[in-house]
file structure_21.pdb (PDB, C-alpha atoms, pLDDT in the B column)
ATOM      1  CA  MET T  30      -3.608  -1.926 -37.158  1.00 47.00           C
ATOM      2  CA  LYS T  31      -3.131   0.589 -34.360  1.00 49.00           C
ATOM      3  CA  PRO T  32      -3.084  -1.152 -30.930  1.00 55.00           C
ATOM      4  CA  LEU T  33      -6.100  -0.582 -28.713  1.00 59.00           C
ATOM      5  CA  PRO T  34      -5.491   1.434 -25.527  1.00 82.00           C
ATOM      6  CA  GLU T  35      -6.260  -1.724 -23.532  1.00 85.00           C
ATOM      7  CA  GLU T  36      -3.490  -3.575 -25.367  1.00 87.00           C
ATOM      8  CA  ILE T  37      -0.994  -0.811 -24.609  1.00 89.00           C
ATOM      9  CA  VAL T  38      -1.943  -0.795 -20.926  1.00 90.00           C
ATOM     10  CA  LYS T  39      -1.634  -4.583 -20.778  1.00 92.00           C
ATOM     11  CA  LYS T  40       1.811  -4.487 -22.395  1.00 92.00           C
ATOM     12  CA  ASN T  41       3.023  -1.776 -19.999  1.00 92.00           C
ATOM     13  CA  ILE T  42       1.835  -3.758 -16.969  1.00 93.00           C
ATOM     14  CA  ILE T  43       3.456  -6.981 -18.210  1.00 93.00           C
ATOM     15  CA  ASP T  44       6.732  -5.136 -18.855  1.00 93.00           C
ATOM     16  CA  ARG T  45       6.656  -3.679 -15.341  1.00 92.00           C
ATOM     17  CA  LEU T  46       5.926  -7.064 -13.752  1.00 93.00           C
ATOM     18  CA  ALA T  47       8.645  -8.753 -15.815  1.00 92.00           C
ATOM     19  CA  ASN T  48      11.221  -6.452 -14.172  1.00 90.00           C
ATOM     20  CA  ASN T  49      10.047  -7.276 -10.638  1.00 87.00           C
ATOM     21  CA  ASP T  50      12.011 -10.148  -9.068  1.00 84.00           C
ATOM     22  CA  ALA T  51       9.292 -10.639  -6.451  1.00 81.00           C
ATOM     23  CA  VAL T  52       6.889 -12.087  -9.023  1.00 86.00           C
ATOM     24  CA  ASN T  53       7.089 -14.593 -11.863  1.00 88.00           C
ATOM     25  CA  ILE T  54       5.358 -13.088 -14.865  1.00 90.00           C
ATOM     26  CA  ASN T  55       4.947 -16.563 -16.383  1.00 90.00           C
ATOM     27  CA  ASN T  56       2.434 -17.369 -13.636  1.00 92.00           C
ATOM     28  CA  ILE T  57       0.456 -14.130 -13.916  1.00 94.00           C
ATOM     29  CA  HIS T  58      -2.317 -13.361 -16.397  1.00 95.00           C
ATOM     30  CA  VAL T  59      -3.257  -9.732 -17.079  1.00 95.00           C
ATOM     31  CA  HIS T  60      -6.673  -8.916 -18.520  1.00 94.00           C
ATOM     32  CA  VAL T  61      -7.680  -5.360 -19.453  1.00 93.00           C
ATOM     33  CA  GLU T  62     -11.231  -4.475 -20.402  1.00 90.00           C
ATOM     34  CA  GLY T  63     -12.841  -1.058 -20.295  1.00 87.00           C
ATOM     35  CA  ASN T  64     -11.386   0.738 -17.274  1.00 88.00           C
ATOM     36  CA  GLU T  65     -10.580  -2.416 -15.316  1.00 92.00           C
ATOM     37  CA  VAL T  66      -7.398  -4.467 -14.965  1.00 94.00           C
ATOM     38  CA  LEU T  67      -7.733  -8.041 -13.680  1.00 94.00           C
ATOM     39  CA  LEU T  68      -4.712  -9.884 -12.262  1.00 95.00           C
ATOM     40  CA  GLN T  69      -5.037 -13.682 -12.117  1.00 94.00           C
ATOM     41  CA  GLY T  70      -2.670 -16.575 -11.552  1.00 93.00           C
ATOM     42  CA  HIS T  71      -0.355 -17.125  -8.604  1.00 91.00           C
ATOM     43  CA  VAL T  72       2.725 -15.827  -6.787  1.00 90.00           C
ATOM     44  CA  GLN T  73       5.020 -17.484  -4.242  1.00 86.00           C
ATOM     45  CA  THR T  74       4.569 -14.946  -1.419  1.00 86.00           C
ATOM     46  CA  TYR T  75       1.933 -12.535  -0.198  1.00 88.00           C
ATOM     47  CA  SER T  76       4.402  -9.661  -0.569  1.00 87.00           C
ATOM     48  CA  GLY T  77       4.658 -10.647  -4.246  1.00 89.00           C
ATOM     49  CA  LYS T  78       0.889 -10.306  -4.534  1.00 91.00           C
ATOM     50  CA  VAL T  79       1.087  -6.836  -2.973  1.00 89.00           C
ATOM     51  CA  GLU T  80       3.922  -5.769  -5.280  1.00 90.00           C
ATOM     52  CA  ALA T  81       2.106  -7.017  -8.380  1.00 92.00           C
ATOM     53  CA  PHE T  82      -0.945  -4.975  -7.378  1.00 92.00           C
ATOM     54  CA  ARG T  83       1.212  -1.905  -6.741  1.00 89.00           C
ATOM     55  CA  ASP T  84       2.974  -2.250 -10.105  1.00 92.00           C
ATOM     56  CA  ALA T  85      -0.321  -2.585 -11.960  1.00 93.00           C
ATOM     57  CA  THR T  86      -1.897   0.331 -10.073  1.00 91.00           C
ATOM     58  CA  GLU T  87       1.045   2.662 -10.703  1.00 88.00           C
ATOM     59  CA  THR T  88       1.260   1.662 -14.380  1.00 89.00           C
ATOM     60  CA  ALA T  89      -2.478   2.006 -15.087  1.00 88.00           C
ATOM     61  CA  ARG T  90      -3.319   4.952 -12.843  1.00 83.00           C
ATOM     62  CA  ASP T  91      -6.727   5.657 -14.405  1.00 82.00           C
ATOM     63  CA  PHE T  92      -7.833   2.009 -14.201  1.00 90.00           C
ATOM     64  CA  THR T  93      -9.396  -0.024 -11.407  1.00 91.00           C
ATOM     65  CA  VAL T  94      -7.127  -2.957 -10.576  1.00 92.00           C
ATOM     66  CA  ILE T  95      -8.734  -6.178  -9.318  1.00 93.00           C
ATOM     67  CA  ASN T  96      -6.209  -8.473  -7.663  1.00 93.00           C
ATOM     68  CA  GLU T  97      -7.243 -12.152  -7.783  1.00 93.00           C
ATOM     69  CA  LEU T  98      -3.707 -13.527  -7.513  1.00 92.00           C
ATOM     70  CA  GLN T  99      -3.363 -16.582  -5.276  1.00 90.00           C
ATOM     71  CA  VAL T 100      -0.390 -17.344  -3.040  1.00 87.00           C
ATOM     72  CA  HIS T 101       1.095 -20.766  -3.892  1.00 84.00           C
ATOM     73  CA  PHE T 102       4.104 -21.700  -1.806  1.00 77.00           C
ATOM     74  CA  GLN T 103       6.881 -23.760  -3.378  1.00 73.00           C
ATOM     75  CA  PRO T 104       6.457 -27.535  -2.821  1.00 69.00           C
ATOM     76  CA  ASN T 105       9.785 -27.798  -0.988  1.00 69.00           C
ATOM     77  CA  GLN T 106       9.102 -24.773   1.211  1.00 68.00           C
ATOM     78  CA  PRO T 107       8.601 -25.703   4.907  1.00 75.00           C
ATOM     79  CA  VAL T 108       5.060 -25.260   6.180  1.00 78.00           C
ATOM     80  CA  VAL T 109       4.787 -22.374   8.660  1.00 86.00           C
ATOM     81  CA  SER T 110       2.164 -22.830  11.354  1.00 92.00           C
ATOM     82  CA  ASP T 111      -0.235 -20.074  12.372  1.00 93.00           C
ATOM     83  CA  GLN T 112       1.493 -19.877  15.756  1.00 94.00           C
ATOM     84  CA  GLU T 113       4.902 -19.413  14.109  1.00 93.00           C
ATOM     85  CA  ILE T 114       3.507 -16.707  11.840  1.00 93.00           C
ATOM     86  CA  ASN T 115       2.025 -14.887  14.834  1.00 93.00           C
ATOM     87  CA  GLU T 116       5.238 -15.148  16.869  1.00 91.00           C
ATOM     88  CA  ASN T 117       7.364 -13.917  13.946  1.00 91.00           C
ATOM     89  CA  ILE T 118       5.102 -10.919  13.370  1.00 92.00           C
ATOM     90  CA  GLN T 119       5.140 -10.022  17.065  1.00 89.00           C
ATOM     91  CA  GLN T 120       8.938 -10.175  17.039  1.00 87.00           C
ATOM     92  CA  TYR T 121       9.126  -7.948  13.963  1.00 87.00           C
ATOM     93  CA  PHE T 122       6.871  -5.406  15.674  1.00 87.00           C
ATOM     94  CA  LYS T 123       9.178  -5.300  18.703  1.00 82.00           C
ATOM     95  CA  TRP T 124      12.078  -4.369  16.429  1.00 82.00           C
ATOM     96  CA  GLN T 125      10.123  -1.415  15.018  1.00 77.00           C
ATOM     97  CA  LYS T 126      10.337   1.605  17.309  1.00 72.00           C
ATOM     98  CA  SER T 127       7.397   3.311  15.598  1.00 72.00           C
ATOM     99  CA  ILE T 128       4.906   0.496  16.346  1.00 80.00           C
ATOM    100  CA  ASN T 129       3.706  -0.333  19.844  1.00 80.00           C
ATOM    101  CA  PRO T 130       2.926  -4.085  19.790  1.00 81.00           C
ATOM    102  CA  LEU T 131       0.765  -3.687  22.900  1.00 82.00           C
ATOM    103  CA  ASN T 132      -1.734  -1.702  20.822  1.00 86.00           C
ATOM    104  CA  VAL T 133      -1.854  -4.139  17.888  1.00 91.00           C
ATOM    105  CA  GLN T 134      -3.646  -7.492  17.964  1.00 93.00           C
ATOM    106  CA  VAL T 135      -2.617 -10.213  15.497  1.00 94.00           C
ATOM    107  CA  ASN T 136      -4.904 -13.125  14.652  1.00 95.00           C
ATOM    108  CA  VAL T 137      -3.809 -15.829  12.195  1.00 95.00           C
ATOM    109  CA  ASN T 138      -6.038 -18.488  10.637  1.00 94.00           C
ATOM    110  CA  ASN T 139      -4.626 -20.778   7.929  1.00 92.00           C
ATOM    111  CA  GLY T 140      -2.082 -18.130   6.961  1.00 92.00           C
ATOM    112  CA  GLU T 141      -4.639 -15.303   6.833  1.00 93.00           C
ATOM    113  CA  VAL T 142      -3.691 -12.456   9.173  1.00 95.00           C
ATOM    114  CA  ILE T 143      -6.125  -9.974  10.719  1.00 95.00           C
ATOM    115  CA  LEU T 144      -4.626  -6.851  12.284  1.00 94.00           C
ATOM    116  CA  SER T 145      -6.765  -4.953  14.781  1.00 94.00           C
ATOM    117  CA  GLY T 146      -6.204  -2.359  17.470  1.00 92.00           C
ATOM    118  CA  HIS T 147      -4.854   1.145  16.948  1.00 88.00           C
ATOM    119  CA  VAL T 148      -1.803   3.150  15.872  1.00 86.00           C
ATOM    120  CA  SER T 149      -0.996   6.831  16.195  1.00 79.00           C
ATOM    121  CA  ASN T 150      -0.858   7.670  12.464  1.00 78.00           C
ATOM    122  CA  LEU T 151      -1.475   6.266   9.005  1.00 82.00           C
ATOM    123  CA  SER T 152       2.205   5.639   8.258  1.00 82.00           C
ATOM    124  CA  GLU T 153       2.356   3.227  11.221  1.00 85.00           C
ATOM    125  CA  SER T 154      -0.627   1.318   9.865  1.00 88.00           C
ATOM    126  CA  ILE T 155       1.081   1.017   6.476  1.00 86.00           C
ATOM    127  CA  ALA T 156       4.356  -0.048   8.129  1.00 87.00           C
ATOM    128  CA  ALA T 157       2.555  -2.733  10.144  1.00 91.00           C
ATOM    129  CA  GLU T 158       0.885  -4.100   7.012  1.00 90.00           C
ATOM    130  CA  LYS T 159       4.217  -4.194   5.159  1.00 87.00           C
ATOM    131  CA  ILE T 160       5.804  -6.151   8.015  1.00 89.00           C
ATOM    132  CA  VAL T 161       2.992  -8.697   7.986  1.00 92.00           C
ATOM    133  CA  SER T 162       3.055  -8.949   4.187  1.00 88.00           C
ATOM    134  CA  SER T 163       6.716  -9.978   4.223  1.00 86.00           C
ATOM    135  CA  ALA T 164       6.323 -12.611   6.963  1.00 89.00           C
ATOM    136  CA  LYS T 165       6.782 -16.228   5.823  1.00 87.00           C
ATOM    137  CA  GLY T 166       3.618 -18.277   5.482  1.00 90.00           C
ATOM    138  CA  VAL T 167       1.206 -15.334   5.138  1.00 92.00           C
ATOM    139  CA  THR T 168      -1.408 -15.788   2.412  1.00 90.00           C
ATOM    140  CA  GLU T 169      -3.701 -12.797   3.070  1.00 91.00           C
ATOM    141  CA  VAL T 170      -3.763  -9.639   5.208  1.00 93.00           C
ATOM    142  CA  ASP T 171      -6.836  -7.854   6.543  1.00 94.00           C
ATOM    143  CA  ASN T 172      -5.725  -4.532   8.041  1.00 93.00           C
ATOM    144  CA  ARG T 173      -8.336  -3.274  10.496  1.00 93.00           C
ATOM    145  CA  LEU T 174      -6.026  -0.961  12.438  1.00 91.00           C
ATOM    146  CA  GLN T 175      -7.564   2.325  13.496  1.00 87.00           C
ATOM    147  CA  VAL T 176      -5.650   5.599  13.558  1.00 82.00           C
ATOM    148  CA  ARG T 177      -6.042   7.077  16.998  1.00 75.00           C
ATOM    149  CA  SER T 178      -3.903  10.035  18.022  1.00 62.00           C
ATOM    150  CA  GLU T 179      -3.365  10.567  21.734  1.00 52.00           C
ATOM    151  CA  LEU T 180      -4.987  13.936  21.200  1.00 48.00           C
ATOM    152  CA  GLU T 181      -7.375  14.270  18.286  1.00 57.00           C
ATOM    153  CA  THR T 182      -5.745  16.672  15.844  1.00 67.00           C
ATOM    154  CA  LYS T 183      -7.985  19.353  14.360  1.00 82.00           C
ATOM    155  CA  ASP T 184      -8.299  19.525  10.594  1.00 84.00           C
ATOM    156  CA  GLU T 185      -6.959  23.080  10.594  1.00 85.00           C
ATOM    157  CA  SER T 186      -3.804  21.970  12.420  1.00 85.00           C
ATOM    158  CA  ILE T 187      -3.277  19.137   9.942  1.00 86.00           C
ATOM    159  CA  GLU T 188      -3.608  21.559   7.032  1.00 87.00           C
ATOM    160  CA  GLN T 189      -1.067  23.906   8.608  1.00 87.00           C
ATOM    161  CA  GLU T 190       1.426  21.075   9.213  1.00 86.00           C
ATOM    162  CA  LEU T 191       0.967  19.837   5.643  1.00 87.00           C
ATOM    163  CA  LEU T 192       1.576  23.288   4.193  1.00 87.00           C
ATOM    164  CA  ALA T 193       4.690  23.731   6.340  1.00 86.00           C
ATOM    165  CA  ALA T 194       6.005  20.321   5.223  1.00 86.00           C
ATOM    166  CA  PHE T 195       5.368  21.130   1.559  1.00 88.00           C
ATOM    167  CA  GLU T 196       7.163  24.467   1.832  1.00 86.00           C
ATOM    168  CA  LYS T 197      10.227  22.836   3.428  1.00 85.00           C
ATOM    169  CA  SER T 198      10.566  20.264   0.646  1.00 85.00           C
ATOM    170  CA  PRO T 199      12.823  21.310  -2.267  1.00 85.00           C
ATOM    171  CA  LEU T 200      10.761  19.136  -4.635  1.00 84.00           C
ATOM    172  CA  ILE T 201       7.307  20.512  -3.885  1.00 88.00           C
ATOM    173  CA  ASP T 202       5.697  23.704  -5.185  1.00 88.00           C
ATOM    174  CA  ALA T 203       2.952  24.191  -2.604  1.00 85.00           C
ATOM    175  CA  GLN T 204       1.134  26.625  -4.924  1.00 86.00           C
ATOM    176  CA  LYS T 205       0.360  23.740  -7.304  1.00 87.00           C
ATOM    177  CA  ILE T 206      -1.112  21.452  -4.667  1.00 89.00           C
ATOM    178  CA  ASP T 207      -4.554  21.603  -3.109  1.00 91.00           C
ATOM    179  CA  ALA T 208      -4.866  19.744   0.207  1.00 90.00           C
ATOM    180  CA  GLU T 209      -8.243  19.530   1.946  1.00 90.00           C
ATOM    181  CA  VAL T 210      -8.718  17.847   5.316  1.00 90.00           C
ATOM    182  CA  ASP T 211     -12.015  16.441   6.547  1.00 89.00           C
ATOM    183  CA  LYS T 212     -12.130  14.539   9.859  1.00 84.00           C
ATOM    184  CA  GLY T 213      -8.480  13.585   9.517  1.00 85.00           C
ATOM    185  CA  ASN T 214      -8.807  12.421   5.905  1.00 88.00           C
ATOM    186  CA  VAL T 215      -6.529  14.287   3.486  1.00 91.00           C
ATOM    187  CA  TYR T 216      -7.682  14.878  -0.095  1.00 93.00           C
ATOM    188  CA  LEU T 217      -4.847  15.834  -2.449  1.00 92.00           C
ATOM    189  CA  SER T 218      -5.242  17.258  -5.952  1.00 91.00           C
ATOM    190  CA  GLY T 219      -3.186  19.219  -8.446  1.00 90.00           C
ATOM    191  CA  CYS T 220      -0.680  18.581 -11.206  1.00 90.00           C
ATOM    192  CA  VAL T 221       3.062  17.961 -10.846  1.00 89.00           C
ATOM    193  CA  ALA T 222       5.961  17.493 -13.269  1.00 87.00           C
ATOM    194  CA  ASN T 223       6.919  13.910 -12.442  1.00 87.00           C
ATOM    195  CA  ASP T 224       6.145  10.835 -10.348  1.00 85.00           C
ATOM    196  CA  PRO T 225       8.865  11.363  -7.676  1.00 87.00           C
ATOM    197  CA  ILE T 226       7.269  14.705  -6.799  1.00 89.00           C
ATOM    198  CA  ARG T 227       3.841  13.059  -6.531  1.00 89.00           C
ATOM    199  CA  LYS T 228       5.249  10.365  -4.230  1.00 87.00           C
ATOM    200  CA  GLU T 229       7.021  12.975  -2.085  1.00 89.00           C
ATOM    201  CA  ILE T 230       3.741  14.853  -1.575  1.00 91.00           C
ATOM    202  CA  GLU T 231       1.869  11.675  -0.644  1.00 89.00           C
ATOM    203  CA  GLU T 232       4.642  10.590   1.741  1.00 87.00           C
ATOM    204  CA  GLN T 233       4.579  13.973   3.495  1.00 87.00           C
ATOM    205  CA  ALA T 234       0.821  13.605   3.987  1.00 89.00           C
ATOM    206  CA  LEU T 235       1.134  10.026   5.252  1.00 84.00           C
ATOM    207  CA  HIS T 236       3.592  11.050   7.972  1.00 82.00           C
ATOM    208  CA  THR T 237       1.662  14.094   9.181  1.00 84.00           C
ATOM    209  CA  LYS T 238       0.332  13.768  12.721  1.00 78.00           C
ATOM    210  CA  GLY T 239      -3.394  13.087  12.958  1.00 80.00           C
ATOM    211  CA  VAL T 240      -3.874  11.954   9.351  1.00 84.00           C
ATOM    212  CA  LYS T 241      -6.190   8.944   9.106  1.00 83.00           C
ATOM    213  CA  ASP T 242      -6.214   8.431   5.344  1.00 87.00           C
ATOM    214  CA  VAL T 243      -4.775   9.997   2.195  1.00 89.00           C
ATOM    215  CA  ILE T 244      -6.837  10.170  -0.995  1.00 90.00           C
ATOM    216  CA  SER T 245      -4.631  11.385  -3.815  1.00 90.00           C
ATOM    217  CA  LYS T 246      -5.887  12.633  -7.192  1.00 89.00           C
ATOM    218  CA  ILE T 247      -2.615  14.306  -8.126  1.00 90.00           C
ATOM    219  CA  THR T 248      -1.822  13.996 -11.819  1.00 88.00           C
ATOM    220  CA  VAL T 249       1.542  13.963 -13.585  1.00 84.00           C
ATOM    221  CA  ALA T 250       1.997  16.020 -16.739  1.00 79.00           C
TER     222      ALA T 250
END
call {"tool": "encode", "arguments": {"input": "structure_21.pdb", "output": "structure tokens"}}
result
Amino acid sequence: MKPLPEEIVKKNIIDRLANNDAVNINNIHVHVEGNEVLLQGHVQTYSGKVEAFRDATETARDFTVINELQVHFQPNQPVVSDQEINENIQQYFKWQKSINPLNVQVNVNNGEVILSGHVSNLSESIAAEKIVSSAKGVTEVDNRLQVRSELETKDESIEQELLAAFEKSPLIDAQKIDAEVDKGNVYLSGCVANDPIRKEIEEQALHTKGVKDVISKITVA
């Protein structure tokens, strides 16, 4: 009997997760039904939860991934207090030149971290969330950071900077990419030859001054 598409998607996700040292596939259950993927079970760190979600999302690009994984620390792992988590995160921020810790507020409650305040671009918001995700003792992250440029960048200027960045990249054919900007939000569409090119385009958009969010519908064919 020919495998159902859902079964193929499930197998591909499990294979991807099995090759990720940050997660233990034996503790993760993958359910695929219709256009939804459900991740259940547990991981040992919050960063593992994030990586499992990323793996599933990249493997099943046309599916909605619901991440219900729980963070279960190892029994012999020392308990990290909320104050320690907060202090560690603040220290990590000080080491990052791109993030101004004075503009970012960190609140921790039973391992759940809420980030608030503002950063100058979307890439800084993503960097801050990655730092928090890797901190010991973190069980959940709620990123409420706002992108606030010192001077609000006009959509036309963002489009021009994006086009210039695309043209400088040896990987990107700007003629195949459509980038629309609305109130700082970048909407990408088009078709590229492989995944590294898609990632390069999205990275260029993320690091463009004034960009608040990137919504990518670029396909690979």
call {"tool": "resolve_selection", "arguments": {"input": "structure_21.pdb", "expression": "the PyMOL selection byres ((chain T and resi 237) around 12)", "output": "PDB file with C-alpha atoms, keeping the file's coordinate frame"}}
result
ATOM      1  CA  SER T 149      -0.996   6.831  16.195  1.00 79.00           C
ATOM      2  CA  ASN T 150      -0.858   7.670  12.464  1.00 78.00           C
ATOM      3  CA  LEU T 151      -1.475   6.266   9.005  1.00 82.00           C
ATOM      4  CA  SER T 152       2.205   5.639   8.258  1.00 82.00           C
ATOM      5  CA  GLU T 153       2.356   3.227  11.221  1.00 85.00           C
ATOM      6  CA  SER T 178      -3.903  10.035  18.022  1.00 62.00           C
ATOM      7  CA  THR T 182      -5.745  16.672  15.844  1.00 67.00           C
ATOM      8  CA  ASP T 184      -8.299  19.525  10.594  1.00 84.00           C
ATOM      9  CA  SER T 186      -3.804  21.970  12.420  1.00 85.00           C
ATOM     10  CA  ILE T 187      -3.277  19.137   9.942  1.00 86.00           C
ATOM     11  CA  GLU T 188      -3.608  21.559   7.032  1.00 87.00           C
ATOM     12  CA  GLN T 189      -1.067  23.906   8.608  1.00 87.00           C
ATOM     13  CA  GLU T 190       1.426  21.075   9.213  1.00 86.00           C
ATOM     14  CA  LEU T 191       0.967  19.837   5.643  1.00 87.00           C
ATOM     15  CA  LEU T 192       1.576  23.288   4.193  1.00 87.00           C
ATOM     16  CA  ALA T 193       4.690  23.731   6.340  1.00 86.00           C
ATOM     17  CA  ALA T 194       6.005  20.321   5.223  1.00 86.00           C
ATOM     18  CA  PHE T 195       5.368  21.130   1.559  1.00 88.00           C
ATOM     19  CA  VAL T 210      -8.718  17.847   5.316  1.00 90.00           C
ATOM     20  CA  GLY T 213      -8.480  13.585   9.517  1.00 85.00           C
ATOM     21  CA  ASN T 214      -8.807  12.421   5.905  1.00 88.00           C
ATOM     22  CA  VAL T 215      -6.529  14.287   3.486  1.00 91.00           C
ATOM     23  CA  ILE T 230       3.741  14.853  -1.575  1.00 91.00           C
ATOM     24  CA  GLU T 231       1.869  11.675  -0.644  1.00 89.00           C
ATOM     25  CA  GLU T 232       4.642  10.590   1.741  1.00 87.00           C
ATOM     26  CA  GLN T 233       4.579  13.973   3.495  1.00 87.00           C
ATOM     27  CA  ALA T 234       0.821  13.605   3.987  1.00 89.00           C
ATOM     28  CA  LEU T 235       1.134  10.026   5.252  1.00 84.00           C
ATOM     29  CA  HIS T 236       3.592  11.050   7.972  1.00 82.00           C
ATOM     30  CA  LYS T 238       0.332  13.768  12.721  1.00 78.00           C
ATOM     31  CA  GLY T 239      -3.394  13.087  12.958  1.00 80.00           C
ATOM     32  CA  VAL T 240      -3.874  11.954   9.351  1.00 84.00           C
ATOM     33  CA  LYS T 241      -6.190   8.944   9.106  1.00 83.00           C
ATOM     34  CA  ASP T 242      -6.214   8.431   5.344  1.00 87.00           C
ATOM     35  CA  VAL T 243      -4.775   9.997   2.195  1.00 89.00           C
TER      36      VAL T 243
END
call {"tool": "closest_atom_pairs", "arguments": {"input": "structure_21.pdb", "of": "region 68-89 of chain T", "to": "region 164-176 of chain T", "cutoff": "9 Å", "atoms": "only C-alpha atoms", "output": "tab-separated table"}}
result
residue	atom	partner	partner_atom	distance
T:Thr74	CA	T:Thr168	CA	7.1
T:Tyr75	CA	T:Thr168	CA	5.3
T:Ser76	CA	T:Ala164	CA	8.3
call {"tool": "residues_around", "arguments": {"input": "structure_21.pdb", "residues": "Thr88 (chain T)", "least_positions_apart": "4", "cutoff": "12 Å", "atoms": "only C-alpha atoms", "output": "number ranges by chain"}}
result
T: 37-46, 66, 81-84, 92-94, 224
call {"tool": "axis_aligned_box", "arguments": {"input": "structure_21.pdb", "around": "region 65-83 of chain T", "padding_each_side": "4 Å", "output": "JSON"}}
result
{"center_x": -2.8, "center_y": -9.7, "center_z": -7.8, "size_x": 23.6, "size_y": 23.6, "size_z": 23.1}
call {"tool": "resolve_selection", "arguments": {"input": "structure_21.pdb", "expression": "the PyMOL selection byres ((chain T and resi 136-139) around 8)", "output": "VMD selection string"}}
result
chain T and resid 110 to 112 114 to 115 134 to 135 140 to 144
call {"tool": "atom_distance", "arguments": {"input": "structure_21.pdb", "atom1": "CA of Val100 (chain T)", "atom2": "CA of Ala157 (chain T)"}}
result
19.9 Å
call {"tool": "resolve_selection", "arguments": {"input": "structure_21.pdb", "expression": "the PyMOL selection byres ((chain T and resi 63-65) around 10)", "output": "CSV table (one decimal) with C-alpha atoms, in the frame of the given file"}}
result
chain,number,residue,atom,x,y,z
T,34,PRO,CA,-5.5,1.4,-25.5
T,35,GLU,CA,-6.3,-1.7,-23.5
T,60,HIS,CA,-6.7,-8.9,-18.5
T,61,VAL,CA,-7.7,-5.4,-19.5
T,62,GLU,CA,-11.2,-4.5,-20.4
T,66,VAL,CA,-7.4,-4.5,-15.0
T,67,LEU,CA,-7.7,-8.0,-13.7
T,68,LEU,CA,-4.7,-9.9,-12.3
T,89,ALA,CA,-2.5,2.0,-15.1
T,91,ASP,CA,-6.7,5.7,-14.4
T,92,PHE,CA,-7.8,2.0,-14.2
T,93,THR,CA,-9.4,0.0,-11.4
T,94,VAL,CA,-7.1,-3.0,-10.6
T,95,ILE,CA,-8.7,-6.2,-9.3
call {"tool": "closest_residue", "arguments": {"input": "structure_21.pdb", "among": "T:Lys183, T:Ser218, T:Ile226, T:Gln103", "to": "Asp202 (chain T)", "atoms": "all atoms listed in the file"}}
result
T:Ile226
call {"tool": "atom_distance", "arguments": {"input": "structure_21.pdb", "atom1": "CA of Asn48 (chain T)", "atom2": "CA of Asn96 (chain T)"}}
result
18.7 Å
call {"tool": "atom_distance", "arguments": {"input": "structure_21.pdb", "atom1": "CA of His71 (chain T)", "atom2": "CA of Leu98 (chain T)"}}
result
5.0 Å
call {"tool": "decode", "arguments": {"input": "structure_21.pdb", "residues": "region 151-155 of chain T", "atoms": "all heavy atoms", "output": "tab-separated table (two decimals), in the first residue's frame"}}
result
chain	number	residue	atom	x	y	z
T	151	LEU	N	14.65	43.81	13.87
T	151	LEU	CA	14.10	42.48	14.12
T	151	LEU	C	15.18	41.47	14.46
T	151	LEU	O	14.97	40.58	15.29
T	151	LEU	CB	13.32	42.01	12.89
T	151	LEU	CG	12.61	40.65	13.01
T	151	LEU	CD1	11.62	40.65	14.16
T	151	LEU	CD2	11.91	40.31	11.70
T	152	SER	N	16.36	41.58	13.85
T	152	SER	CA	17.43	40.63	14.12
T	152	SER	C	17.86	40.68	15.58
T	152	SER	O	18.22	39.67	16.18
T	152	SER	CB	18.62	40.87	13.20
T	152	SER	OG	19.18	42.15	13.42
T	153	GLU	N	17.80	41.87	16.20
T	153	GLU	CA	18.14	41.99	17.62
T	153	GLU	C	17.10	41.29	18.49
T	153	GLU	O	17.43	40.68	19.51
T	153	GLU	CB	18.26	43.46	18.01
T	153	GLU	CG	19.48	44.15	17.43
T	153	GLU	CD	19.59	45.59	17.89
T	153	GLU	OE1	18.91	45.96	18.87
T	153	GLU	OE2	20.36	46.36	17.27
T	154	SER	N	15.85	41.39	18.11
T	154	SER	CA	14.79	40.71	18.84
T	154	SER	C	14.99	39.19	18.79
T	154	SER	O	14.84	38.50	19.80
T	154	SER	CB	13.42	41.07	18.25
T	154	SER	OG	12.38	40.34	18.88
T	155	ILE	N	15.33	38.69	17.60
T	155	ILE	CA	15.57	37.26	17.44
T	155	ILE	C	16.80	36.82	18.24
T	155	ILE	O	16.79	35.77	18.90
T	155	ILE	CB	15.75	36.91	15.95
T	155	ILE	CG1	14.44	37.16	15.20
T	155	ILE	CG2	16.21	35.47	15.77
T	155	ILE	CD1	14.57	37.02	13.70
